[in-house]
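Raw start.txt, compact mmCIF, N, CA and C atoms:
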```
# COMPACT_ATOMS: atom_id res chain seq x y z
N MET A 1 91.01 142.90 135.62
CA MET A 1 90.14 143.72 134.83
C MET A 1 89.89 145.00 135.62
N ASP A 2 90.12 146.14 135.00
CA ASP A 2 89.97 147.38 135.75
C ASP A 2 88.52 147.85 135.81
N GLN A 3 88.25 148.68 136.78
CA GLN A 3 86.90 149.13 137.08
C GLN A 3 86.30 149.96 135.94
N GLU A 4 87.11 150.77 135.28
CA GLU A 4 86.60 151.60 134.18
C GLU A 4 86.13 150.72 133.02
N ARG A 5 86.84 149.66 132.76
CA ARG A 5 86.44 148.74 131.68
C ARG A 5 85.12 148.05 132.05
N ILE A 6 84.97 147.66 133.31
CA ILE A 6 83.73 147.03 133.76
C ILE A 6 82.57 148.01 133.60
N LYS A 7 82.77 149.26 133.99
CA LYS A 7 81.72 150.27 133.84
C LYS A 7 81.34 150.45 132.37
N ALA A 8 82.33 150.47 131.49
CA ALA A 8 82.05 150.63 130.07
C ALA A 8 81.24 149.44 129.53
N LEU A 9 81.57 148.24 130.00
CA LEU A 9 80.83 147.05 129.57
C LEU A 9 79.39 147.08 130.09
N ILE A 10 79.19 147.57 131.31
CA ILE A 10 77.84 147.70 131.87
C ILE A 10 77.03 148.68 131.02
N GLU A 11 77.62 149.80 130.66
CA GLU A 11 76.93 150.78 129.82
C GLU A 11 76.61 150.21 128.44
N LEU A 12 77.55 149.46 127.88
CA LEU A 12 77.33 148.83 126.58
C LEU A 12 76.14 147.87 126.64
N LEU A 13 76.08 147.07 127.69
CA LEU A 13 74.97 146.13 127.85
C LEU A 13 73.65 146.87 128.02
N ALA A 14 73.65 147.93 128.81
CA ALA A 14 72.43 148.69 129.07
C ALA A 14 71.87 149.30 127.79
N GLU A 15 72.75 149.71 126.89
CA GLU A 15 72.31 150.37 125.65
C GLU A 15 71.98 149.38 124.54
N SER A 16 72.27 148.11 124.74
CA SER A 16 72.05 147.12 123.69
C SER A 16 70.81 146.28 123.96
N ASP A 17 70.45 145.44 122.98
CA ASP A 17 69.34 144.51 123.13
C ASP A 17 69.78 143.21 123.78
N LEU A 18 71.07 143.07 124.05
CA LEU A 18 71.58 141.85 124.68
C LEU A 18 71.04 141.72 126.09
N ILE A 19 70.89 140.47 126.54
CA ILE A 19 70.48 140.26 127.93
C ILE A 19 71.63 139.71 128.77
N GLU A 20 72.70 139.24 128.10
CA GLU A 20 73.82 138.69 128.83
C GLU A 20 75.11 138.92 128.04
N LEU A 21 76.20 139.16 128.78
CA LEU A 21 77.52 139.35 128.19
C LEU A 21 78.53 138.69 129.12
N SER A 22 79.36 137.80 128.58
CA SER A 22 80.40 137.14 129.37
C SER A 22 81.75 137.45 128.77
N LEU A 23 82.74 137.67 129.64
CA LEU A 23 84.09 137.98 129.20
C LEU A 23 85.07 137.28 130.13
N THR A 24 86.06 136.59 129.55
CA THR A 24 87.09 135.93 130.33
C THR A 24 88.44 136.47 129.89
N GLU A 25 89.25 136.87 130.88
CA GLU A 25 90.61 137.33 130.63
C GLU A 25 91.52 136.68 131.66
N GLY A 26 92.37 135.78 131.22
CA GLY A 26 93.26 135.10 132.15
C GLY A 26 92.46 134.34 133.19
N ASP A 27 92.71 134.63 134.48
CA ASP A 27 92.00 133.97 135.58
C ASP A 27 90.71 134.69 135.96
N SER A 28 90.43 135.82 135.31
CA SER A 28 89.23 136.59 135.65
C SER A 28 88.10 136.27 134.70
N MET A 29 86.89 136.20 135.27
CA MET A 29 85.69 135.97 134.47
C MET A 29 84.64 136.97 134.90
N LEU A 30 84.04 137.67 133.93
CA LEU A 30 83.02 138.67 134.21
C LEU A 30 81.77 138.27 133.45
N ARG A 31 80.63 138.26 134.14
CA ARG A 31 79.36 137.92 133.52
C ARG A 31 78.37 139.02 133.84
N LEU A 32 77.87 139.70 132.82
CA LEU A 32 76.89 140.76 132.99
C LEU A 32 75.58 140.27 132.40
N PHE A 33 74.49 140.54 133.09
CA PHE A 33 73.19 140.19 132.53
C PHE A 33 72.13 141.13 133.07
N LYS A 34 71.05 141.28 132.30
CA LYS A 34 69.92 142.11 132.71
C LYS A 34 68.91 141.21 133.39
N ASP A 35 68.38 141.66 134.52
CA ASP A 35 67.35 140.88 135.19
C ASP A 35 65.98 141.31 134.67
N ALA A 36 64.93 140.80 135.25
CA ALA A 36 63.57 141.05 134.78
C ALA A 36 63.20 142.52 134.83
N THR A 37 63.82 143.30 135.71
CA THR A 37 63.49 144.72 135.83
C THR A 37 64.30 145.58 134.86
N GLY A 38 65.21 144.94 134.11
CA GLY A 38 66.06 145.68 133.18
C GLY A 38 67.31 146.22 133.83
N CYS A 39 67.49 145.93 135.10
CA CYS A 39 68.67 146.38 135.84
C CYS A 39 69.84 145.46 135.52
N ASN A 40 71.03 146.01 135.38
CA ASN A 40 72.21 145.20 135.08
C ASN A 40 72.73 144.53 136.34
N THR A 41 73.23 143.32 136.19
CA THR A 41 73.85 142.61 137.29
C THR A 41 75.23 142.18 136.84
N VAL A 42 76.19 142.23 137.75
CA VAL A 42 77.56 141.87 137.44
C VAL A 42 77.97 140.71 138.33
N GLN A 43 78.55 139.67 137.73
CA GLN A 43 79.16 138.61 138.50
C GLN A 43 80.58 138.49 138.01
N GLY A 44 81.52 138.36 138.91
CA GLY A 44 82.89 138.26 138.48
C GLY A 44 83.70 137.32 139.33
N THR A 45 84.74 136.79 138.72
CA THR A 45 85.70 135.99 139.43
C THR A 45 87.06 136.61 139.15
N PRO A 46 87.47 137.56 139.98
CA PRO A 46 88.72 138.26 139.71
C PRO A 46 89.94 137.43 140.05
N ALA A 47 91.05 137.74 139.38
CA ALA A 47 92.30 137.03 139.65
C ALA A 47 92.86 137.44 141.01
N ASN A 48 93.04 138.74 141.23
CA ASN A 48 93.65 139.18 142.48
C ASN A 48 92.87 140.27 143.18
N THR A 49 92.10 141.07 142.44
CA THR A 49 91.42 142.19 143.05
C THR A 49 89.95 142.16 142.71
N ALA A 50 89.16 142.78 143.56
CA ALA A 50 87.73 142.87 143.34
C ALA A 50 87.37 144.33 143.12
N PRO A 51 86.36 144.61 142.29
CA PRO A 51 85.93 145.98 142.14
C PRO A 51 85.48 146.53 143.49
N THR A 52 85.81 147.78 143.75
CA THR A 52 85.44 148.35 145.03
C THR A 52 84.16 149.15 144.94
N LYS A 53 83.77 149.53 143.75
CA LYS A 53 82.59 150.35 143.60
C LYS A 53 81.86 149.94 142.32
N ALA A 54 80.56 149.82 142.38
CA ALA A 54 79.78 149.42 141.22
C ALA A 54 79.26 150.64 140.49
N ALA A 55 78.99 150.48 139.22
CA ALA A 55 78.37 151.54 138.45
C ALA A 55 76.93 151.70 138.91
N PRO A 56 76.32 152.85 138.70
CA PRO A 56 74.93 153.03 139.12
C PRO A 56 74.02 151.98 138.51
N LYS A 57 72.97 151.61 139.25
CA LYS A 57 71.97 150.63 138.83
C LYS A 57 72.56 149.25 138.58
N ALA A 58 73.64 148.92 139.20
CA ALA A 58 74.23 147.59 139.01
C ALA A 58 74.49 146.96 140.37
N ALA A 59 74.27 145.68 140.43
CA ALA A 59 74.61 144.94 141.64
C ALA A 59 75.90 144.20 141.34
N VAL A 60 76.81 144.16 142.28
CA VAL A 60 78.08 143.50 142.06
C VAL A 60 78.15 142.28 142.97
N GLN A 61 78.43 141.14 142.36
CA GLN A 61 78.62 139.93 143.14
C GLN A 61 79.97 139.36 142.71
N VAL A 62 80.89 139.34 143.61
CA VAL A 62 82.22 138.83 143.32
C VAL A 62 82.38 137.49 144.03
N THR A 63 82.82 136.51 143.27
CA THR A 63 83.01 135.19 143.86
C THR A 63 84.48 134.84 143.83
N ARG A 64 84.87 133.94 144.72
CA ARG A 64 86.25 133.48 144.74
C ARG A 64 86.49 132.58 143.54
N PRO A 65 87.73 132.51 143.05
CA PRO A 65 88.03 131.57 141.99
C PRO A 65 87.68 130.14 142.41
N ALA A 66 87.35 129.31 141.45
CA ALA A 66 86.92 127.93 141.74
C ALA A 66 87.96 127.18 142.56
N SER A 67 89.24 127.49 142.37
CA SER A 67 90.28 126.78 143.10
C SER A 67 90.22 127.05 144.60
N GLU A 68 89.57 128.16 145.00
CA GLU A 68 89.49 128.50 146.41
C GLU A 68 88.19 128.04 147.05
N LYS A 69 87.22 127.63 146.26
CA LYS A 69 85.92 127.25 146.81
C LYS A 69 85.99 125.89 147.46
N ASN A 70 85.05 125.67 148.37
CA ASN A 70 84.92 124.36 148.99
C ASN A 70 84.52 123.37 147.91
N LYS A 71 85.30 122.35 147.71
CA LYS A 71 85.07 121.42 146.62
C LYS A 71 84.25 120.21 147.02
N THR A 72 83.70 120.20 148.20
CA THR A 72 82.87 119.08 148.61
C THR A 72 81.51 119.60 149.02
N GLY A 73 80.47 119.00 148.47
CA GLY A 73 79.10 119.34 148.85
C GLY A 73 78.64 120.67 148.31
N GLY A 74 77.33 120.90 148.48
CA GLY A 74 76.76 122.17 148.10
C GLY A 74 75.74 122.05 147.00
N GLU A 75 75.10 123.17 146.74
CA GLU A 75 74.07 123.22 145.72
C GLU A 75 74.65 123.65 144.39
N VAL A 76 74.08 123.11 143.32
CA VAL A 76 74.42 123.54 141.97
C VAL A 76 73.23 124.37 141.52
N LYS A 77 73.49 125.63 141.16
CA LYS A 77 72.42 126.57 140.85
C LYS A 77 72.35 126.86 139.36
N ALA A 78 71.18 127.28 138.91
CA ALA A 78 70.97 127.66 137.52
C ALA A 78 71.84 128.87 137.20
N SER A 79 72.53 128.81 136.07
CA SER A 79 73.38 129.92 135.67
C SER A 79 72.60 131.01 134.97
N LEU A 80 71.38 130.70 134.53
CA LEU A 80 70.54 131.67 133.85
C LEU A 80 69.09 131.24 133.91
N TYR A 81 68.19 132.12 133.54
CA TYR A 81 66.77 131.82 133.48
C TYR A 81 66.52 130.95 132.25
N GLY A 82 65.71 129.92 132.41
CA GLY A 82 65.38 129.08 131.25
C GLY A 82 64.58 127.87 131.65
N VAL A 83 64.39 126.98 130.69
CA VAL A 83 63.66 125.74 130.92
C VAL A 83 64.68 124.65 131.23
N LEU A 84 64.43 123.91 132.30
CA LEU A 84 65.34 122.86 132.74
C LEU A 84 65.01 121.56 132.01
N HIS A 85 66.02 120.94 131.41
CA HIS A 85 65.88 119.63 130.77
C HIS A 85 66.80 118.66 131.50
N LEU A 86 66.21 117.63 132.11
CA LEU A 86 66.99 116.64 132.85
C LEU A 86 67.43 115.48 131.97
N THR A 87 66.94 115.41 130.73
CA THR A 87 67.31 114.34 129.79
C THR A 87 67.85 114.98 128.51
N PRO A 88 68.71 114.26 127.78
CA PRO A 88 69.25 114.81 126.53
C PRO A 88 68.16 114.98 125.47
N ALA A 89 67.16 114.10 125.47
CA ALA A 89 66.05 114.18 124.53
C ALA A 89 64.86 113.45 125.15
N ALA A 90 63.67 113.73 124.62
CA ALA A 90 62.46 113.08 125.13
C ALA A 90 62.60 111.56 125.02
N GLY A 91 62.23 110.86 126.07
CA GLY A 91 62.27 109.41 126.07
C GLY A 91 63.62 108.80 126.41
N GLU A 92 64.65 109.62 126.58
CA GLU A 92 65.99 109.11 126.92
C GLU A 92 66.19 109.15 128.44
N ALA A 93 67.20 108.44 128.89
CA ALA A 93 67.53 108.39 130.32
C ALA A 93 68.03 109.77 130.77
N PRO A 94 67.78 110.13 132.03
CA PRO A 94 68.26 111.42 132.53
C PRO A 94 69.79 111.47 132.58
N PHE A 95 70.31 112.68 132.56
CA PHE A 95 71.76 112.86 132.68
C PHE A 95 72.25 112.23 133.99
N VAL A 96 71.55 112.51 135.10
CA VAL A 96 71.91 111.95 136.40
C VAL A 96 70.64 111.64 137.19
N LYS A 97 70.79 110.75 138.18
CA LYS A 97 69.72 110.41 139.10
C LYS A 97 70.24 110.59 140.52
N VAL A 98 69.33 110.68 141.48
CA VAL A 98 69.73 110.76 142.88
C VAL A 98 70.54 109.51 143.20
N GLY A 99 71.68 109.70 143.84
CA GLY A 99 72.56 108.60 144.20
C GLY A 99 73.70 108.38 143.22
N ASP A 100 73.63 109.00 142.03
CA ASP A 100 74.71 108.86 141.05
C ASP A 100 75.97 109.59 141.52
N THR A 101 77.11 109.02 141.20
CA THR A 101 78.40 109.68 141.43
C THR A 101 78.74 110.46 140.17
N VAL A 102 79.11 111.73 140.34
CA VAL A 102 79.44 112.58 139.19
C VAL A 102 80.87 113.08 139.31
N GLU A 103 81.46 113.35 138.18
CA GLU A 103 82.81 113.92 138.10
C GLU A 103 82.70 115.41 137.85
N ALA A 104 83.73 116.16 138.20
CA ALA A 104 83.77 117.59 137.93
C ALA A 104 83.63 117.80 136.42
N GLY A 105 82.74 118.69 136.02
CA GLY A 105 82.55 118.98 134.60
C GLY A 105 81.51 118.11 133.92
N GLN A 106 80.99 117.12 134.61
CA GLN A 106 79.97 116.24 134.03
C GLN A 106 78.65 117.01 133.88
N THR A 107 77.96 116.82 132.76
CA THR A 107 76.68 117.48 132.53
C THR A 107 75.61 116.90 133.45
N LEU A 108 74.94 117.78 134.19
CA LEU A 108 73.86 117.38 135.09
C LEU A 108 72.50 117.59 134.43
N ALA A 109 72.41 118.63 133.60
CA ALA A 109 71.15 119.00 132.95
C ALA A 109 71.46 119.99 131.85
N ILE A 110 70.43 120.39 131.14
CA ILE A 110 70.54 121.41 130.09
C ILE A 110 69.55 122.52 130.44
N LEU A 111 69.99 123.77 130.30
CA LEU A 111 69.10 124.91 130.45
C LEU A 111 68.84 125.49 129.06
N GLU A 112 67.56 125.61 128.71
CA GLU A 112 67.18 126.16 127.41
C GLU A 112 66.71 127.59 127.61
N ALA A 113 67.37 128.51 126.92
CA ALA A 113 67.00 129.92 126.97
C ALA A 113 67.03 130.47 125.56
N MET A 114 65.91 130.98 125.10
CA MET A 114 65.82 131.58 123.77
C MET A 114 66.28 130.62 122.68
N LYS A 115 65.83 129.38 122.77
CA LYS A 115 66.14 128.31 121.81
C LYS A 115 67.62 127.96 121.76
N MET A 116 68.37 128.35 122.78
CA MET A 116 69.77 127.96 122.89
C MET A 116 69.89 127.05 124.10
N PHE A 117 70.72 126.02 123.99
CA PHE A 117 70.86 125.02 125.04
C PHE A 117 72.21 125.18 125.72
N HIS A 118 72.18 125.33 127.05
CA HIS A 118 73.38 125.57 127.85
C HIS A 118 73.54 124.42 128.84
N PRO A 119 74.64 123.67 128.76
CA PRO A 119 74.83 122.57 129.72
C PRO A 119 75.08 123.11 131.12
N LEU A 120 74.49 122.44 132.10
CA LEU A 120 74.75 122.73 133.51
C LEU A 120 75.68 121.64 133.99
N LYS A 121 76.90 122.02 134.33
CA LYS A 121 77.94 121.04 134.66
C LYS A 121 78.21 121.00 136.16
N ALA A 122 78.62 119.85 136.62
CA ALA A 122 78.99 119.69 138.04
C ALA A 122 80.26 120.49 138.30
N PRO A 123 80.25 121.36 139.33
CA PRO A 123 81.44 122.16 139.63
C PRO A 123 82.55 121.34 140.27
N HIS A 124 82.20 120.17 140.82
CA HIS A 124 83.18 119.30 141.47
C HIS A 124 82.61 117.89 141.51
N ALA A 125 83.45 116.94 141.81
CA ALA A 125 83.00 115.55 141.92
C ALA A 125 82.15 115.40 143.18
N GLY A 126 81.23 114.46 143.14
CA GLY A 126 80.39 114.21 144.31
C GLY A 126 79.29 113.22 143.99
N ILE A 127 78.35 113.12 144.90
CA ILE A 127 77.20 112.24 144.75
C ILE A 127 75.95 113.12 144.71
N VAL A 128 75.05 112.85 143.77
CA VAL A 128 73.81 113.61 143.66
C VAL A 128 72.92 113.23 144.84
N GLU A 129 72.75 114.15 145.77
CA GLU A 129 71.93 113.90 146.95
C GLU A 129 70.45 114.22 146.67
N ALA A 130 70.22 115.27 145.86
CA ALA A 130 68.84 115.66 145.57
C ALA A 130 68.78 116.41 144.24
N ILE A 131 67.66 116.24 143.55
CA ILE A 131 67.34 117.03 142.36
C ILE A 131 66.20 117.94 142.81
N LEU A 132 66.45 119.25 142.80
CA LEU A 132 65.57 120.20 143.46
C LEU A 132 64.55 120.87 142.54
N ALA A 133 64.53 120.51 141.24
CA ALA A 133 63.57 121.08 140.30
C ALA A 133 63.16 119.98 139.32
N SER A 134 61.98 120.12 138.77
CA SER A 134 61.47 119.13 137.82
C SER A 134 61.85 119.49 136.40
N GLY A 135 62.08 118.46 135.58
CA GLY A 135 62.37 118.67 134.18
C GLY A 135 61.19 119.33 133.48
N GLY A 136 61.48 120.21 132.53
CA GLY A 136 60.44 120.89 131.77
C GLY A 136 59.90 122.13 132.44
N THR A 137 60.39 122.45 133.64
CA THR A 137 59.91 123.65 134.34
C THR A 137 60.85 124.82 134.09
N GLU A 138 60.31 126.03 134.23
CA GLU A 138 61.13 127.23 134.11
C GLU A 138 61.84 127.45 135.44
N VAL A 139 63.13 127.76 135.36
CA VAL A 139 63.92 128.02 136.55
C VAL A 139 64.55 129.41 136.45
N GLU A 140 64.78 130.00 137.59
CA GLU A 140 65.37 131.34 137.68
C GLU A 140 66.88 131.25 137.78
N SER A 141 67.57 132.27 137.35
CA SER A 141 69.01 132.36 137.53
C SER A 141 69.31 132.34 139.03
N GLY A 142 70.22 131.48 139.44
CA GLY A 142 70.59 131.37 140.85
C GLY A 142 69.74 130.39 141.64
N GLN A 143 68.72 129.82 141.02
CA GLN A 143 67.85 128.85 141.71
C GLN A 143 68.61 127.53 141.91
N PRO A 144 68.62 126.99 143.13
CA PRO A 144 69.27 125.70 143.35
C PRO A 144 68.55 124.59 142.57
N LEU A 145 69.33 123.78 141.84
CA LEU A 145 68.76 122.71 141.02
C LEU A 145 69.17 121.33 141.48
N PHE A 146 70.41 121.21 141.99
CA PHE A 146 70.95 119.92 142.46
C PHE A 146 71.68 120.15 143.77
N ARG A 147 71.72 119.11 144.61
CA ARG A 147 72.55 119.15 145.81
C ARG A 147 73.54 117.99 145.69
N LEU A 148 74.83 118.33 145.76
CA LEU A 148 75.90 117.33 145.70
C LEU A 148 76.55 117.19 147.07
N VAL A 149 76.92 115.97 147.41
CA VAL A 149 77.65 115.73 148.66
C VAL A 149 78.93 115.01 148.34
```
Translate this file's structure into structure tokens.
Amino acid sequence: MDQERIKALIELLAESDLIELSLTEGDSMLRLFKDATGCNTVQGTPANTAPTKAAPKAAVQVTRPASEKNKTGGEVKASLYGVLHLTPAAGEAPFVKVGDTVEAGQTLAILEAMKMFHPLKAPHAGIVEAILASGGTEVESGQPLFRLV
């Protein structure tokens, strides 16, 4: 994804009422969102190259493709701001408990934002070592929610 296209998408987001925009092209994934101050933030997973310069008022965070990341251990963080749901519905068993073995892609929790429900999935197989937030609480984007080993 070229830098001019990223800048155009940042400007489009800034001028719109949207708070988040995600785009995937091949092996590249770009996620733009507005934070609480109204400033745009960019997260990307480029195929081969990383942007070298950000547009004004934007923070750029480039991550390695999932295939290059350490696949054992680590924290699973909230992908967006919202209410954390550890169970599929009130009165039901939680998606996972401390000590459970999880597979890559398994749902760990649900994040509710603006009446939309977004599954939080395990990025890799592992064992749930800790649940770092309580169900029903508001969580911030990037806040650690689970620790897998």
May I ask for the distance between CA of Glu138 (chain A) and CA of Gly82 (chain A), given in Å to one decimal place? 5.4 Å
For Pro88 (chain A), work out the shell of residues within 8 Å, counting all atoms listed in the file and skipping chain neighbours fewer than 6 positions away, then give it as a list in words. Pro94, Phe95, Ala109 and Ile110 of chain A
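Atom to atom, CA of Glu4 (chain A) and atom C of Ser141 (chain A) stand 26.3 Å apart.
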What gap, in Å, lies between atom C of Lys115 (chain A) and CA of Asp27 (chain A)?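 Answer for the atom C of Lys115 (chain A) to CA of Asp27 (chain A) separation: 28.7 Å.
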List every residue of region 66-140 of chain A that DSSP, applied to the backbone of this structure, places in strand (DSSP E or B), and write the result as an MDAnalysis selection string. chainID A and resid 74:77 82:85 101:102 107:113 116:121 126:131 138:139
Point out the residue among A:Val139, A:Thr87, A:Leu12, A:His124 with the least atom-to-atom distance to Leu108 (chain A), counting all atoms listed in the file.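 Checking each candidate against Leu108 (chain A), we get A:Thr87 as the closest.
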Nearest-residue call for Glu129 (chain A), choices A:Gly74, A:Gly105, A:Gly142, A:Gly91, using only C-alpha atoms: A:Gly74
Of the candidates A:Ala113, A:Leu80, A:Leu120, A:Ile127, which one gets nearest to Val98 (chain A) if we count all atoms listed in the file?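 Closest to Val98 (chain A) of all the choices is A:Ile127.
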Please complete region 134-144 of chain A with all heavy atoms and give it back as a compact mmCIF listing (two decimals), in the frame of the given file.
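Saved as rebuild-v4.txt:
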```txt
# COMPACT_ATOMS: atom_id res chain seq x y z
N SER A 134 61.98 120.12 138.77
CA SER A 134 61.47 119.13 137.82
C SER A 134 61.85 119.49 136.40
O SER A 134 61.92 120.66 136.04
CB SER A 134 59.94 119.08 137.90
OG SER A 134 59.52 118.73 139.20
N GLY A 135 62.08 118.46 135.58
CA GLY A 135 62.37 118.67 134.18
C GLY A 135 61.19 119.33 133.48
O GLY A 135 60.04 119.06 133.80
N GLY A 136 61.48 120.21 132.53
CA GLY A 136 60.44 120.89 131.77
C GLY A 136 59.90 122.13 132.44
O GLY A 136 59.05 122.82 131.88
N THR A 137 60.39 122.45 133.64
CA THR A 137 59.91 123.65 134.34
C THR A 137 60.85 124.82 134.09
O THR A 137 62.03 124.65 133.79
CB THR A 137 59.79 123.42 135.86
OG1 THR A 137 61.08 123.09 136.38
CG2 THR A 137 58.81 122.32 136.17
N GLU A 138 60.31 126.03 134.23
CA GLU A 138 61.13 127.23 134.11
C GLU A 138 61.84 127.45 135.44
O GLU A 138 61.25 127.32 136.50
CB GLU A 138 60.26 128.44 133.78
CG GLU A 138 59.66 128.37 132.39
CD GLU A 138 58.84 129.59 132.04
OE1 GLU A 138 58.76 130.55 132.84
OE2 GLU A 138 58.26 129.59 130.94
N VAL A 139 63.13 127.76 135.36
CA VAL A 139 63.92 128.02 136.55
C VAL A 139 64.55 129.41 136.45
O VAL A 139 64.78 129.93 135.36
CB VAL A 139 65.02 126.94 136.76
CG1 VAL A 139 64.39 125.58 137.00
CG2 VAL A 139 65.98 126.89 135.59
N GLU A 140 64.78 130.00 137.59
CA GLU A 140 65.37 131.34 137.68
C GLU A 140 66.88 131.25 137.78
O GLU A 140 67.42 130.27 138.30
CB GLU A 140 64.83 132.07 138.91
CG GLU A 140 63.35 132.32 138.90
CD GLU A 140 62.93 133.34 137.87
OE1 GLU A 140 63.72 134.26 137.57
OE2 GLU A 140 61.80 133.20 137.34
N SER A 141 67.57 132.27 137.35
CA SER A 141 69.01 132.36 137.53
C SER A 141 69.31 132.34 139.03
O SER A 141 68.68 133.06 139.80
CB SER A 141 69.53 133.65 136.91
OG SER A 141 70.92 133.76 137.12
N GLY A 142 70.22 131.48 139.44
CA GLY A 142 70.59 131.37 140.85
C GLY A 142 69.74 130.39 141.64
O GLY A 142 70.00 130.15 142.81
N GLN A 143 68.72 129.82 141.02
CA GLN A 143 67.85 128.85 141.71
C GLN A 143 68.61 127.53 141.91
O GLN A 143 69.19 127.01 140.98
CB GLN A 143 66.59 128.61 140.90
CG GLN A 143 65.66 127.57 141.51
CD GLN A 143 64.40 127.37 140.67
OE1 GLN A 143 64.01 128.22 139.87
NE2 GLN A 143 63.77 126.22 140.83
N PRO A 144 68.62 126.99 143.13
CA PRO A 144 69.27 125.70 143.35
C PRO A 144 68.55 124.59 142.57
O PRO A 144 67.33 124.49 142.62
CB PRO A 144 69.12 125.47 144.86
CG PRO A 144 68.82 126.81 145.44
CD PRO A 144 68.09 127.57 144.37
```
